[in-house]
Amino acid sequence: MPIFEYQCRDCDRPFELFVTADRKPACPSCGGANLLKLLSTPGMVGASGPAGAEDCAAPAAMCGARGGRCGCN
């Protein structure tokens, strides 16, 4: 879904807004249309933890686990 980040140039308020092709964005605070579209950082859906933190399928003695971390990866 297209959710965009904007900053109102009239009241300086940042906000996020769901925008479709037929909808003209406006500031929810002051109603102004003088907006600056901000560069958004992408989000990760379904990420459960840092990379490499998965459980190892092999026994620790076989995969070289050190300090509680799996060395299979």
# chains A, B, ... in the order shown; residues from 1 in each chain; ligands from 1
$ residues_around --residues "A:Ser29" --least-positions-apart "5" --cutoff "12 Å" --atoms "only C-alpha atoms" --output "ChimeraX atom specification"
/A:7-16
$ write_last_selection --atoms "all heavy atoms" --output "compact mmCIF listing (two decimals), in the first residue's frame"
# COMPACT_ATOMS: atom_id res chain seq x y z
N GLN A 7 6.23 16.53 4.83
CA GLN A 7 6.39 17.59 5.82
C GLN A 7 5.67 18.81 5.27
O GLN A 7 5.89 19.21 4.12
CB GLN A 7 7.85 17.91 6.09
CG GLN A 7 7.99 18.97 7.16
CD GLN A 7 9.34 18.94 7.83
OE1 GLN A 7 10.17 18.11 7.53
NE2 GLN A 7 9.55 19.85 8.73
N CYS A 8 4.78 19.37 6.09
CA CYS A 8 4.02 20.54 5.68
C CYS A 8 4.95 21.76 5.70
O CYS A 8 5.61 22.02 6.70
CB CYS A 8 2.83 20.75 6.60
SG CYS A 8 1.83 22.18 6.15
N ARG A 9 4.99 22.49 4.61
CA ARG A 9 5.83 23.68 4.55
C ARG A 9 5.18 24.88 5.24
O ARG A 9 5.84 25.86 5.53
CB ARG A 9 6.15 24.02 3.10
CG ARG A 9 7.04 22.99 2.46
CD ARG A 9 7.39 23.34 1.05
NE ARG A 9 8.26 22.31 0.49
CZ ARG A 9 8.74 22.34 -0.72
NH1 ARG A 9 8.43 23.32 -1.54
NH2 ARG A 9 9.52 21.38 -1.15
N ASP A 10 3.87 24.78 5.51
CA ASP A 10 3.17 25.87 6.17
C ASP A 10 3.32 25.80 7.70
O ASP A 10 3.63 26.79 8.34
CB ASP A 10 1.69 25.87 5.80
CG ASP A 10 1.47 26.15 4.31
OD1 ASP A 10 2.32 26.87 3.71
OD2 ASP A 10 0.48 25.66 3.76
N CYS A 11 3.10 24.61 8.28
CA CYS A 11 3.17 24.48 9.75
C CYS A 11 4.38 23.64 10.22
O CYS A 11 4.55 23.44 11.42
CB CYS A 11 1.87 23.89 10.31
SG CYS A 11 1.60 22.15 9.92
N ASP A 12 5.19 23.14 9.29
CA ASP A 12 6.43 22.41 9.57
C ASP A 12 6.19 21.05 10.25
O ASP A 12 7.08 20.49 10.85
CB ASP A 12 7.38 23.27 10.40
CG ASP A 12 8.83 22.85 10.23
OD1 ASP A 12 9.20 22.47 9.10
OD2 ASP A 12 9.57 22.88 11.22
N ARG A 13 4.99 20.51 10.15
CA ARG A 13 4.65 19.23 10.79
C ARG A 13 4.94 18.06 9.86
O ARG A 13 4.44 18.03 8.74
CB ARG A 13 3.18 19.22 11.18
CG ARG A 13 2.76 17.94 11.88
CD ARG A 13 1.30 18.04 12.31
NE ARG A 13 0.91 16.87 13.06
CZ ARG A 13 0.23 15.86 12.54
NH1 ARG A 13 -0.15 15.89 11.29
NH2 ARG A 13 -0.10 14.82 13.29
N PRO A 14 5.72 17.03 10.31
CA PRO A 14 5.90 15.82 9.50
C PRO A 14 4.73 14.87 9.75
O PRO A 14 4.17 14.82 10.85
CB PRO A 14 7.20 15.24 10.03
CG PRO A 14 7.28 15.71 11.43
CD PRO A 14 6.59 17.06 11.48
N PHE A 15 4.34 14.11 8.71
CA PHE A 15 3.26 13.13 8.86
C PHE A 15 3.34 12.08 7.76
O PHE A 15 4.03 12.26 6.76
CB PHE A 15 1.89 13.83 8.83
CG PHE A 15 1.58 14.55 7.55
CD1 PHE A 15 0.86 13.93 6.54
CD2 PHE A 15 2.00 15.86 7.37
CE1 PHE A 15 0.57 14.61 5.36
CE2 PHE A 15 1.71 16.54 6.20
CZ PHE A 15 1.00 15.91 5.19
N GLU A 16 2.67 10.95 7.99
CA GLU A 16 2.55 9.88 7.00
C GLU A 16 1.12 9.86 6.51
O GLU A 16 0.19 10.15 7.26
CB GLU A 16 2.88 8.53 7.62
CG GLU A 16 4.31 8.40 8.07
CD GLU A 16 4.57 7.05 8.72
OE1 GLU A 16 3.61 6.31 9.05
OE2 GLU A 16 5.74 6.73 8.91
$ residues_around --residues "A:Pro2" --least-positions-apart "2" --cutoff "8 Å" --atoms "only C-alpha atoms" --output "CSV table (one decimal) with C-alpha atoms, in the first residue's frame"
chain,number,residue,atom,x,y,z
A,4,PHE,CA,4.2,8.3,2.0
A,18,PHE,CA,-2.0,6.8,2.6
A,19,VAL,CA,-2.2,8.2,-0.9
A,20,THR,CA,-3.9,6.8,-4.0
